[in-house]
Amino acid sequence: MLKLISLLLLLISTNVYSLPQTPFTLTCTKSNGAVVQTMTGAGFGDIAQSTFINGMPVIMIDPYHVSKLNISVQAWMYSHECGHHYLGHIEKGYSWATTAQKQAMELEADCYAIQVLRRLGILNNHDVNMILGVVSRLKQNDLAHPSGIVRASQVSSCLNKTNGAS
Ligand SMILES: [Zn+2]
């Protein structure tokens with residue numbers, strides 16, 4: 001019942017997500033070009049989550065919690081969720097994957113997020129340092145996510161790979 005009530009709170013559905021307090025918008029597609037919708041609401045148990053609702057790929061955002069984050073961190077977090085969709089993690093069986101497999105997928109989404117934002121040209125060095133600082137302090141709330149230190153190290157190394165690519 002609680003779950004049903006939570007879903008009813010997801011009132012806004014859009015395919016262009018305007019981050020709170022930012023001048024830019026972000027969109028998300030799967031690798032086959034399918035548009036990923038963004039829904040905002042509360043009570044789904046996380047700040048943001050990638051999922052499917054009625055077969056439709058969705059990023060769920062809790063705007064209250066998200067608005068407390070620095071704008072660069074908001075963008076990275078949204079792109080991390082997009083990465084799960086783009087990389088097909090849910091279809092690959094995220095829910096029943098082993099801890100090691102889940103952690104690998106989380107790091108893959110972390111990498112995807114920073115590389116996409118860098119390519120979009122919306123991050124300066126200060127923004128990157130802000131993201132690295134916040135990520136490094138992320139608490140390991142579950143076994144699916146590696147420690148913040150490991151994740152920040154991953155983000156940093158993915159960024160260097162972006163710089164070297166054409
Ligand atoms: Zn994730």
# chains A, B, ... in the order shown; residues from 1 in each chain; ligands from 1
$ residues_near_ligand --ligand "ligand 1" --cutoff "9 Å" --atoms "only C-alpha atoms and all ligand atoms" --output "NGL selection string"
:A and (48-50 or 77 or 80-81 or 83-84 or 102-103 or 105-110 or 144-145)
$ residues_around --residues "Gly55 of chain A" --least-positions-apart "5" --cutoff "12 Å" --atoms "only C-alpha atoms" --output "list in words"
Ala34, Val36, Gln37, Ile90 and Glu91 of chain A
$ select_by_dssp --residues "chain A" --states "helix (DSSP H, G or I)" --output "ChimeraX atom specification"
/A:2-8,63-66,71-86,94-96,99-120,125-136,148-164
$ atom_distance --atom1 "atom CA of Tyr86 of chain A" --atom2 "atom CA of Gly133 of chain A"
25.3 Å
$ residues_around --residues "Met60 of chain A" --least-positions-apart "2" --cutoff "10 Å" --atoms "only C-alpha atoms" --output "PDB file with C-alpha atoms, in the first residue's frame"
ATOM      1  CA  LEU A  10       5.017  10.850  -9.019  1.00  0.00           C
ATOM      2  CA  SER A  13       6.627  13.137 -16.045  1.00  0.00           C
ATOM      3  CA  GLN A  37      11.439   9.852 -18.939  1.00  0.00           C
ATOM      4  CA  THR A  38      12.103  11.688 -15.711  1.00  0.00           C
ATOM      5  CA  MET A  39       9.565  11.574 -12.912  1.00  0.00           C
ATOM      6  CA  THR A  40       9.730  13.550  -9.736  1.00  0.00           C
ATOM      7  CA  GLY A  41       8.198  12.498  -6.476  1.00  0.00           C
ATOM      8  CA  ALA A  42       8.970  11.466  -2.945  1.00  0.00           C
ATOM      9  CA  PHE A  44      10.531   5.841  -3.277  1.00  0.00           C
ATOM     10  CA  ASP A  46      16.272   7.032  -2.665  1.00  0.00           C
ATOM     11  CA  ILE A  47      17.401  10.445  -3.930  1.00  0.00           C
ATOM     12  CA  ALA A  48      17.296   9.120  -7.494  1.00  0.00           C
ATOM     13  CA  GLN A  49      16.674   5.782  -9.104  1.00  0.00           C
ATOM     14  CA  SER A  50      16.590   4.258 -12.571  1.00  0.00           C
ATOM     15  CA  THR A  51      13.720   1.904 -13.197  1.00  0.00           C
ATOM     16  CA  PHE A  52      10.996   0.837 -15.596  1.00  0.00           C
ATOM     17  CA  PRO A  57      12.439   3.583 -18.873  1.00  0.00           C
ATOM     18  CA  VAL A  58      12.273   6.173 -16.107  1.00  0.00           C
ATOM     19  CA  ASP A  62      13.245  13.236  -5.295  1.00  0.00           C
ATOM     20  CA  PRO A  63      13.448  17.015  -5.903  1.00  0.00           C
ATOM     21  CA  TYR A  78      21.173  12.380 -12.924  1.00  0.00           C
ATOM     22  CA  GLU A  81      21.055   7.108 -13.317  1.00  0.00           C
TER      23      GLU A  81
END
$ closest_residue --among "A:Ala97, A:Ile61, A:Ser153, A:Asp127" --to "Gly45 of chain A" --atoms "only C-alpha atoms"
A:Ile61
$ select_by_dssp --residues "chain A" --states "strand (DSSP E)" --output "list in words"
Ile12, Ser13, Thr14, Tyr17, Ser18, Thr25, Leu26, Gln37, Thr38, Met39, Thr40, Ala48, Gln49, Ser50, Thr51, Phe52, Ile53, Met56, Pro57, Val58, Ile59, Met60 and Ile61 of chain A
$ residues_around --residues "Trp76 of chain A" --least-positions-apart "2" --cutoff "9 Å" --atoms "only C-alpha atoms" --output "list in words"
Ile71, Ser72, Val73, Gln74, Tyr78, Ser79, His80, Glu81, Asp110, Ala113, Ile114, Val116, Leu117 and Ile131 of chain A
$ closest_residue --among "A:His89, A:Arg118, A:Lys68, A:Lys139" --to "Val155 of chain A" --atoms "only C-alpha atoms"
A:Arg118
$ atom_distance --atom1 "atom CA of Cys158 of chain A" --atom2 "atom CA of Trp96 of chain A"
26.6 Å
$ atom_distance --atom1 "atom CA of Leu87 of chain A" --atom2 "atom CA of Tyr112 of chain A"
8.6 Å
